[in-house]
Amino acid sequence: MTDIQSVIAKGKVAVVTGAASGIGLAVCKILAEKGMCVVLVDLGGDALAQARIDVAALSENPESDIVAIETDVSKRDELEALERAVIQRFGYVHLLMNNAGIQPGSSLFGPQANWDRVLDVNLMGVIHGTRVFAPGMIAHSEPAIIINTGSKQGITTPPGDPAYNVAKAGVKAFTEALQHELRNTENCNVSAHLLIPGFVFTGLTANGRTEKPPAAWTPEQTADFMMESLRNGDFYILCPDNDVPRSLDEKRIAWAAGDIIENRPPLSRWHPDYTEAFQAHLSK
């Protein structure tokens, strides 16, 4: 596994998508404080401009080291243009965080536009970002890391938003394949990691609320946990929150896998015939 201390270090270069708010912004602030050159990537507008100001305030060299670049991650050509701009300005990329995500809501037979946008951003944005940046990160041979933001919904796939679940399940499968590829590539100093947040209070999850629910973590807590997990060499960065400890996540994940092993109905956790069995599983 890549030595994280040699990546998150003064003068090294980070590219973070979905950087205008939430977890992405919190991570950018930490990286700037560590002395990294940080490229904030998001859709344009006041939010991205303000995020750059906030991150720059934490940098020793705000004018030279902190830049915001408007990019739609669902479009590969825009990510290719982003990589050219970053290489021209900073040279190598040492940390890539494919974090951009949206959640407009979906139903199985609902509007096609919702499905297209969620899959284009949440899944293809990760795939495009990795496929565009990773070859150069491998080629420069310096230690580097790629962090892809997944979701517990991509593992336990609860009913309610199937497009989001499908996208995040794809991110999990893709990032697992990526790490396998990297560790089997000769002389490769790049490692991949899957961030799996818990309930985090961000614009994506606020749903009109202006105050953080007691159960939720802040983006800053999530970013701090991610950094600690990276130092530990974790691939699966499974984040708790104020309501769900890791032990409960593990039982939910094990139950979901058990649907196949035990030949239960899919999503049996939400099936009335298995309510008692699931509760007994949790109490073990």
# chains A, B, ... in the order shown; residues from 1 in each chain; ligands from 1
$ residues_around --residues "A:Leu96" --least-positions-apart "6" --cutoff "8 Å" --atoms "only C-alpha atoms" --output "list in words"
Ala14, Val15, Val16, Phe133, Ile145, Ile146 and Ile147 of chain A
$ residues_around --residues "A:Val126" --least-positions-apart "4" --cutoff "12 Å" --atoms "only C-alpha atoms" --output "ChimeraX atom specification"
/A:16-18,72-76,79,96-101,118-122,130-134,146-150,167-168,170-175,178,194
$ residues_around --residues "A:Ser151" --least-positions-apart "2" --cutoff "8 Å" --atoms "only C-alpha atoms" --output "PyMOL selection string"
chain A and resi 149+153-155+168-169+195-198
$ write_last_selection --atoms "all heavy atoms" --output "compact mmCIF listing (two decimals), in the first residue's frame"
# COMPACT_ATOMS: atom_id res chain seq x y z
N THR A 149 -15.43 8.03 -3.92
CA THR A 149 -16.48 8.10 -2.91
C THR A 149 -17.65 7.21 -3.29
O THR A 149 -18.33 7.43 -4.30
CB THR A 149 -16.97 9.55 -2.74
OG1 THR A 149 -15.87 10.37 -2.33
CG2 THR A 149 -18.06 9.62 -1.67
N GLN A 153 -25.25 2.68 0.51
CA GLN A 153 -26.37 2.31 -0.35
C GLN A 153 -25.93 1.48 -1.55
O GLN A 153 -26.73 0.78 -2.15
CB GLN A 153 -27.11 3.56 -0.83
CG GLN A 153 -27.93 4.21 0.26
CD GLN A 153 -28.69 5.43 -0.23
OE1 GLN A 153 -28.60 6.51 0.35
NE2 GLN A 153 -29.46 5.27 -1.28
N GLY A 154 -24.66 1.55 -1.89
CA GLY A 154 -24.13 0.72 -2.96
C GLY A 154 -23.75 -0.67 -2.49
O GLY A 154 -23.35 -1.51 -3.30
N ILE A 155 -23.88 -0.93 -1.18
CA ILE A 155 -23.54 -2.23 -0.63
C ILE A 155 -24.78 -2.97 -0.14
O ILE A 155 -25.00 -4.14 -0.46
CB ILE A 155 -22.52 -2.08 0.53
CG1 ILE A 155 -21.25 -1.38 0.02
CG2 ILE A 155 -22.20 -3.43 1.15
CD1 ILE A 155 -20.27 -1.01 1.10
N LYS A 168 -23.66 3.68 -7.11
CA LYS A 168 -22.69 3.49 -6.03
C LYS A 168 -22.22 2.04 -5.94
O LYS A 168 -21.07 1.78 -5.55
CB LYS A 168 -23.28 3.96 -4.70
CG LYS A 168 -23.46 5.47 -4.62
CD LYS A 168 -22.15 6.22 -4.79
CE LYS A 168 -22.32 7.72 -4.56
NZ LYS A 168 -21.03 8.46 -4.67
N ALA A 169 -23.08 1.09 -6.29
CA ALA A 169 -22.63 -0.30 -6.37
C ALA A 169 -21.57 -0.43 -7.47
O ALA A 169 -20.59 -1.17 -7.32
CB ALA A 169 -23.81 -1.23 -6.65
N LEU A 195 -14.03 5.29 -0.25
CA LEU A 195 -14.63 6.00 0.87
C LEU A 195 -16.11 5.65 0.93
O LEU A 195 -16.83 5.80 -0.05
CB LEU A 195 -14.46 7.51 0.71
CG LEU A 195 -15.16 8.38 1.76
CD1 LEU A 195 -14.59 8.13 3.15
CD2 LEU A 195 -15.06 9.86 1.39
N ILE A 196 -16.55 5.17 2.11
CA ILE A 196 -17.94 4.78 2.30
C ILE A 196 -18.50 5.60 3.46
O ILE A 196 -18.44 5.18 4.62
CB ILE A 196 -18.07 3.26 2.60
CG1 ILE A 196 -17.25 2.44 1.59
CG2 ILE A 196 -19.53 2.83 2.58
CD1 ILE A 196 -17.07 0.99 2.00
N PRO A 197 -19.02 6.79 3.20
CA PRO A 197 -19.49 7.65 4.28
C PRO A 197 -20.71 7.06 4.99
O PRO A 197 -21.47 6.27 4.43
CB PRO A 197 -19.85 8.96 3.57
CG PRO A 197 -19.17 8.89 2.24
CD PRO A 197 -19.12 7.43 1.88
N GLY A 198 -20.88 7.48 6.24
CA GLY A 198 -22.13 7.23 6.94
C GLY A 198 -23.10 8.35 6.63
O GLY A 198 -23.06 8.96 5.56
$ select_by_dssp --residues "stretch 73-137 of chain A" --states "strand (DSSP E)" --output "VMD selection string"
chain A and resid 95 to 98
$ residues_around --residues "stretch 242-245 of chain A" --least-positions-apart "5" --cutoff "10 Å" --atoms "only C-alpha atoms" --output "number ranges by chain"
A: 198-200, 213-218, 250
$ closest_residue --among "A:Glu70, A:Glu83, A:Glu142, A:Asp234" --to "A:Asp46" --atoms "only C-alpha atoms"
A:Glu70
$ closest_residue --among "A:Gly136, A:Ile102, A:Met227, A:Lys251" --to "A:Ile87" --atoms "only C-alpha atoms"
A:Gly136
$ select_by_dssp --residues "stretch 99-270 of chain A" --states "helix (DSSP H, G or I)" --output "ChimeraX atom specification"
/A:112-139,153-156,162-183,219-231,246-261,268-270
$ closest_residue --among "A:Ser283, A:Ser141, A:Ser64, A:Gln50" --to "A:Leu25" --atoms "only C-alpha atoms"
A:Gln50
$ residues_around --residues "stretch 35-41 of chain A" --least-positions-apart "4" --cutoff "7 Å" --atoms "only C-alpha atoms" --output "VMD selection string"
chain A and resid 8 to 19 28 31 52 59 to 60 65 to 71
$ atom_distance --atom1 "atom CA of A:Ala56" --atom2 "atom CA of A:Ala32"
7.3 Å
$ atom_distance --atom1 "atom CA of A:Leu267" --atom2 "atom CA of A:Pro158"
7.0 Å
$ residues_around --residues "stretch 255-260 of chain A" --least-positions-apart "6" --cutoff "9 Å" --atoms "only C-alpha atoms" --output "PDB file with C-alpha atoms, in the first residue's frame"
ATOM      1  CA  ILE A 155     -23.536  -2.234  -0.625  1.00  0.00           C
ATOM      2  CA  THR A 156     -26.863  -2.894   1.127  1.00  0.00           C
ATOM      3  CA  THR A 157     -28.941  -1.294  -1.693  1.00  0.00           C
ATOM      4  CA  PRO A 266     -33.648  -9.892  -2.455  1.00  0.00           C
ATOM      5  CA  LEU A 267     -33.652  -7.049   0.062  1.00  0.00           C
ATOM      6  CA  SER A 268     -35.017  -9.440   2.672  1.00  0.00           C
ATOM      7  CA  ARG A 269     -34.065  -6.930   5.358  1.00  0.00           C
ATOM      8  CA  PHE A 278     -33.219  -9.792  10.808  1.00  0.00           C
ATOM      9  CA  HIS A 281     -29.377 -11.296  13.499  1.00  0.00           C
TER      10      HIS A 281
END
$ closest_residue --among "A:Ala47, A:Ala177, A:Ile4, A:Ile127" --to "A:His94" --atoms "only C-alpha atoms"
A:Ile4
$ residues_around --residues "A:Asp249" --least-positions-apart "3" --cutoff "9 Å" --atoms "only C-alpha atoms" --output "VMD selection string"
chain A and resid 152 238 240 244 to 246 252 to 254
$ atom_distance --atom1 "atom CA of A:Lys212" --atom2 "atom CA of A:Leu95"
29.5 Å
$ closest_residue --among "A:Pro219, A:Asn232, A:Ala139, A:Pro162" --to "A:Thr185" --atoms "only C-alpha atoms"
A:Ala139
